[in-house]
Amino acid sequence: VAESDLLNPNETYELRETGQGLHRVQKAPNLYRELSKILEETKKELGQWVGLETIHLGDNQVPNAFNFIDKYGQITRIVVPIIRTIENIDKLVEDEAKAAYVREIFGTTENAKVAVLRDFFRHGFDGSGGDTLEDAGSCVDGRLTSAWNWCNNIRRNPPFT
């Protein structure tokens, strides 16, 4: 679907500064239509939706279908390290000094895992990471920006420092 939009001769692009650099901004109506269907199916399945229903595509946040593919391909790069961290907390405490730290700060390894996940789910989708609410609000793209921002800043976040 994305490729059909990128190669559509009726959808020309405009080269412009988006705040993320110089990009070819091009509408992607076919991809937008498919994403809208997915959003509606998700809302129906969940019964509710929290946040904006905005799908950024062909604008400053997601300039074209190629950027969409690239941006959403990053999700695993955000989620996999969190999963690995959770999975490796038990191995971490095999070292007595690290085990003492986990006991002092979290009490148990299970509490440490919950602390990481709680922090991510509280702040990983909070609209942080952008200059404006439009850039990193509660839209799907904004949530991805917030998740990236959380991962990028965890090294400064007690008790994870």
# chains A, B, ... in the order shown; residues from 1 in each chain; ligands from 1
$ residues_around --residues "stretch 102-114 of chain A" --least-positions-apart "2" --cutoff "12 Å" --atoms "only C-alpha atoms" --output "ChimeraX atom specification"
/A:82-100,116-122,158-161
$ write_last_selection --atoms "N, CA and C atoms" --output "PDB file, in the first residue's frame"
ATOM      1  N   ILE A  82      13.449  -3.176  26.145  1.00  0.00           N
ATOM      2  CA  ILE A  82      12.663  -3.197  27.382  1.00  0.00           C
ATOM      3  C   ILE A  82      12.376  -4.644  27.768  1.00  0.00           C
ATOM      4  N   ILE A  83      12.001  -5.443  26.794  1.00  0.00           N
ATOM      5  CA  ILE A  83      11.735  -6.864  27.060  1.00  0.00           C
ATOM      6  C   ILE A  83      13.006  -7.550  27.556  1.00  0.00           C
ATOM      7  N   ARG A  84      14.120  -7.275  26.905  1.00  0.00           N
ATOM      8  CA  ARG A  84      15.387  -7.895  27.325  1.00  0.00           C
ATOM      9  C   ARG A  84      15.774  -7.461  28.739  1.00  0.00           C
ATOM     10  N   THR A  85      15.531  -6.208  29.055  1.00  0.00           N
ATOM     11  CA  THR A  85      15.827  -5.718  30.406  1.00  0.00           C
ATOM     12  C   THR A  85      15.011  -6.490  31.434  1.00  0.00           C
ATOM     13  N   ILE A  86      13.725  -6.621  31.180  1.00  0.00           N
ATOM     14  CA  ILE A  86      12.844  -7.349  32.104  1.00  0.00           C
ATOM     15  C   ILE A  86      13.301  -8.798  32.240  1.00  0.00           C
ATOM     16  N   GLU A  87      13.633  -9.407  31.110  1.00  0.00           N
ATOM     17  CA  GLU A  87      14.052 -10.806  31.128  1.00  0.00           C
ATOM     18  C   GLU A  87      15.395 -11.006  31.834  1.00  0.00           C
ATOM     19  N   ASN A  88      16.235  -9.982  31.853  1.00  0.00           N
ATOM     20  CA  ASN A  88      17.580 -10.140  32.415  1.00  0.00           C
ATOM     21  C   ASN A  88      17.726  -9.656  33.854  1.00  0.00           C
ATOM     22  N   ILE A  89      16.682  -9.143  34.437  1.00  0.00           N
ATOM     23  CA  ILE A  89      16.780  -8.699  35.830  1.00  0.00           C
ATOM     24  C   ILE A  89      17.133  -9.872  36.742  1.00  0.00           C
ATOM     25  N   ASP A  90      16.565 -11.040  36.464  1.00  0.00           N
ATOM     26  CA  ASP A  90      16.885 -12.216  37.287  1.00  0.00           C
ATOM     27  C   ASP A  90      18.362 -12.596  37.178  1.00  0.00           C
ATOM     28  N   LYS A  91      18.936 -12.453  35.990  1.00  0.00           N
ATOM     29  CA  LYS A  91      20.369 -12.743  35.809  1.00  0.00           C
ATOM     30  C   LYS A  91      21.233 -11.694  36.495  1.00  0.00           C
ATOM     31  N   LEU A  92      20.762 -10.470  36.515  1.00  0.00           N
ATOM     32  CA  LEU A  92      21.498  -9.371  37.121  1.00  0.00           C
ATOM     33  C   LEU A  92      21.809  -9.649  38.588  1.00  0.00           C
ATOM     34  N   VAL A  93      20.865 -10.223  39.282  1.00  0.00           N
ATOM     35  CA  VAL A  93      21.028 -10.420  40.720  1.00  0.00           C
ATOM     36  C   VAL A  93      21.880 -11.641  41.067  1.00  0.00           C
ATOM     37  N   GLU A  94      22.421 -12.301  40.076  1.00  0.00           N
ATOM     38  CA  GLU A  94      23.373 -13.382  40.347  1.00  0.00           C
ATOM     39  C   GLU A  94      24.658 -12.810  40.934  1.00  0.00           C
ATOM     40  N   ASP A  95      24.929 -11.550  40.636  1.00  0.00           N
ATOM     41  CA  ASP A  95      26.057 -10.825  41.237  1.00  0.00           C
ATOM     42  C   ASP A  95      25.565 -10.259  42.565  1.00  0.00           C
ATOM     43  N   GLU A  96      26.239 -10.580  43.653  1.00  0.00           N
ATOM     44  CA  GLU A  96      25.754 -10.198  44.990  1.00  0.00           C
ATOM     45  C   GLU A  96      25.638  -8.693  45.186  1.00  0.00           C
ATOM     46  N   ALA A  97      26.584  -7.913  44.653  1.00  0.00           N
ATOM     47  CA  ALA A  97      26.515  -6.453  44.807  1.00  0.00           C
ATOM     48  C   ALA A  97      25.271  -5.898  44.099  1.00  0.00           C
ATOM     49  N   LYS A  98      24.986  -6.428  42.933  1.00  0.00           N
ATOM     50  CA  LYS A  98      23.796  -5.979  42.197  1.00  0.00           C
ATOM     51  C   LYS A  98      22.525  -6.471  42.866  1.00  0.00           C
ATOM     52  N   ALA A  99      22.590  -7.670  43.424  1.00  0.00           N
ATOM     53  CA  ALA A  99      21.437  -8.207  44.148  1.00  0.00           C
ATOM     54  C   ALA A  99      21.122  -7.335  45.368  1.00  0.00           C
ATOM     55  N   ALA A 100      22.162  -6.888  46.059  1.00  0.00           N
ATOM     56  CA  ALA A 100      21.964  -6.015  47.228  1.00  0.00           C
ATOM     57  C   ALA A 100      21.307  -4.706  46.801  1.00  0.00           C
ATOM     58  N   VAL A 116      10.179  -0.885  36.178  1.00  0.00           N
ATOM     59  CA  VAL A 116      10.565  -0.516  34.810  1.00  0.00           C
ATOM     60  C   VAL A 116       9.326  -0.384  33.935  1.00  0.00           C
ATOM     61  N   LEU A 117       8.452  -1.374  33.985  1.00  0.00           N
ATOM     62  CA  LEU A 117       7.248  -1.342  33.151  1.00  0.00           C
ATOM     63  C   LEU A 117       6.305  -0.214  33.549  1.00  0.00           C
ATOM     64  N   ARG A 118       6.147   0.007  34.861  1.00  0.00           N
ATOM     65  CA  ARG A 118       5.277   1.089  35.324  1.00  0.00           C
ATOM     66  C   ARG A 118       5.794   2.433  34.814  1.00  0.00           C
ATOM     67  N   ASP A 119       7.093   2.638  34.927  1.00  0.00           N
ATOM     68  CA  ASP A 119       7.672   3.893  34.479  1.00  0.00           C
ATOM     69  C   ASP A 119       7.485   4.076  32.973  1.00  0.00           C
ATOM     70  N   PHE A 120       7.702   2.997  32.220  1.00  0.00           N
ATOM     71  CA  PHE A 120       7.517   3.087  30.768  1.00  0.00           C
ATOM     72  C   PHE A 120       6.073   3.406  30.418  1.00  0.00           C
ATOM     73  N   PHE A 121       5.127   2.703  31.004  1.00  0.00           N
ATOM     74  CA  PHE A 121       3.736   2.932  30.645  1.00  0.00           C
ATOM     75  C   PHE A 121       3.178   4.244  31.194  1.00  0.00           C
ATOM     76  N   ARG A 122       3.789   4.791  32.222  1.00  0.00           N
ATOM     77  CA  ARG A 122       3.388   6.121  32.702  1.00  0.00           C
ATOM     78  C   ARG A 122       3.959   7.235  31.835  1.00  0.00           C
ATOM     79  N   PRO A 158      16.319   8.309  38.001  1.00  0.00           N
ATOM     80  CA  PRO A 158      16.457   7.474  39.199  1.00  0.00           C
ATOM     81  C   PRO A 158      15.201   6.609  39.326  1.00  0.00           C
ATOM     82  N   PRO A 159      15.244   5.404  39.727  1.00  0.00           N
ATOM     83  CA  PRO A 159      16.376   4.682  40.269  1.00  0.00           C
ATOM     84  C   PRO A 159      17.156   3.875  39.221  1.00  0.00           C
ATOM     85  N   PHE A 160      16.972   4.188  37.957  1.00  0.00           N
ATOM     86  CA  PHE A 160      17.594   3.393  36.903  1.00  0.00           C
ATOM     87  C   PHE A 160      19.015   3.880  36.576  1.00  0.00           C
ATOM     88  N   THR A 161      19.449   4.961  37.195  1.00  0.00           N
ATOM     89  CA  THR A 161      20.783   5.497  36.905  1.00  0.00           C
ATOM     90  C   THR A 161      21.870   4.729  37.600  1.00  0.00           C
TER      91      THR A 161
END
$ select_by_dssp --residues "stretch 64-125 of chain A" --states "alpha helix (DSSP H)" --output "number ranges by chain"
A: 65-72, 75-92, 96-105, 109-123
$ residues_around --residues "A:Leu15" --least-positions-apart "6" --cutoff "7 Å" --atoms "only C-alpha atoms" --output "PyMOL selection string"
chain A and resi 22-25
$ residues_around --residues "stretch 33-49 of chain A" --least-positions-apart "5" --cutoff "9 Å" --atoms "only C-alpha atoms" --output "PyMOL selection string"
chain A and resi 1+28+55
$ select_by_dssp --residues "chain A" --states "strand (DSSP E)" --output "list of chain:residue names"
A:Glu14, A:Leu15, A:Arg16, A:Glu17, A:Leu22, A:His23, A:Arg24, A:Val25
$ closest_residue --among "A:Pro29, A:Gly19, A:Pro9, A:Gly124" --to "A:Ala65" --atoms "only C-alpha atoms"
A:Pro29
$ closest_residue --among "A:Ile69, A:Ile78, A:Leu31, A:Leu6" --to "A:Asn149" --atoms "only C-alpha atoms"
A:Ile78
$ atom_distance --atom1 "atom CA of A:Gln61" --atom2 "atom CA of A:Thr145"
9.9 Å
$ atom_distance --atom1 "atom CA of A:Gln74" --atom2 "atom CA of A:Asn8"
25.3 Å
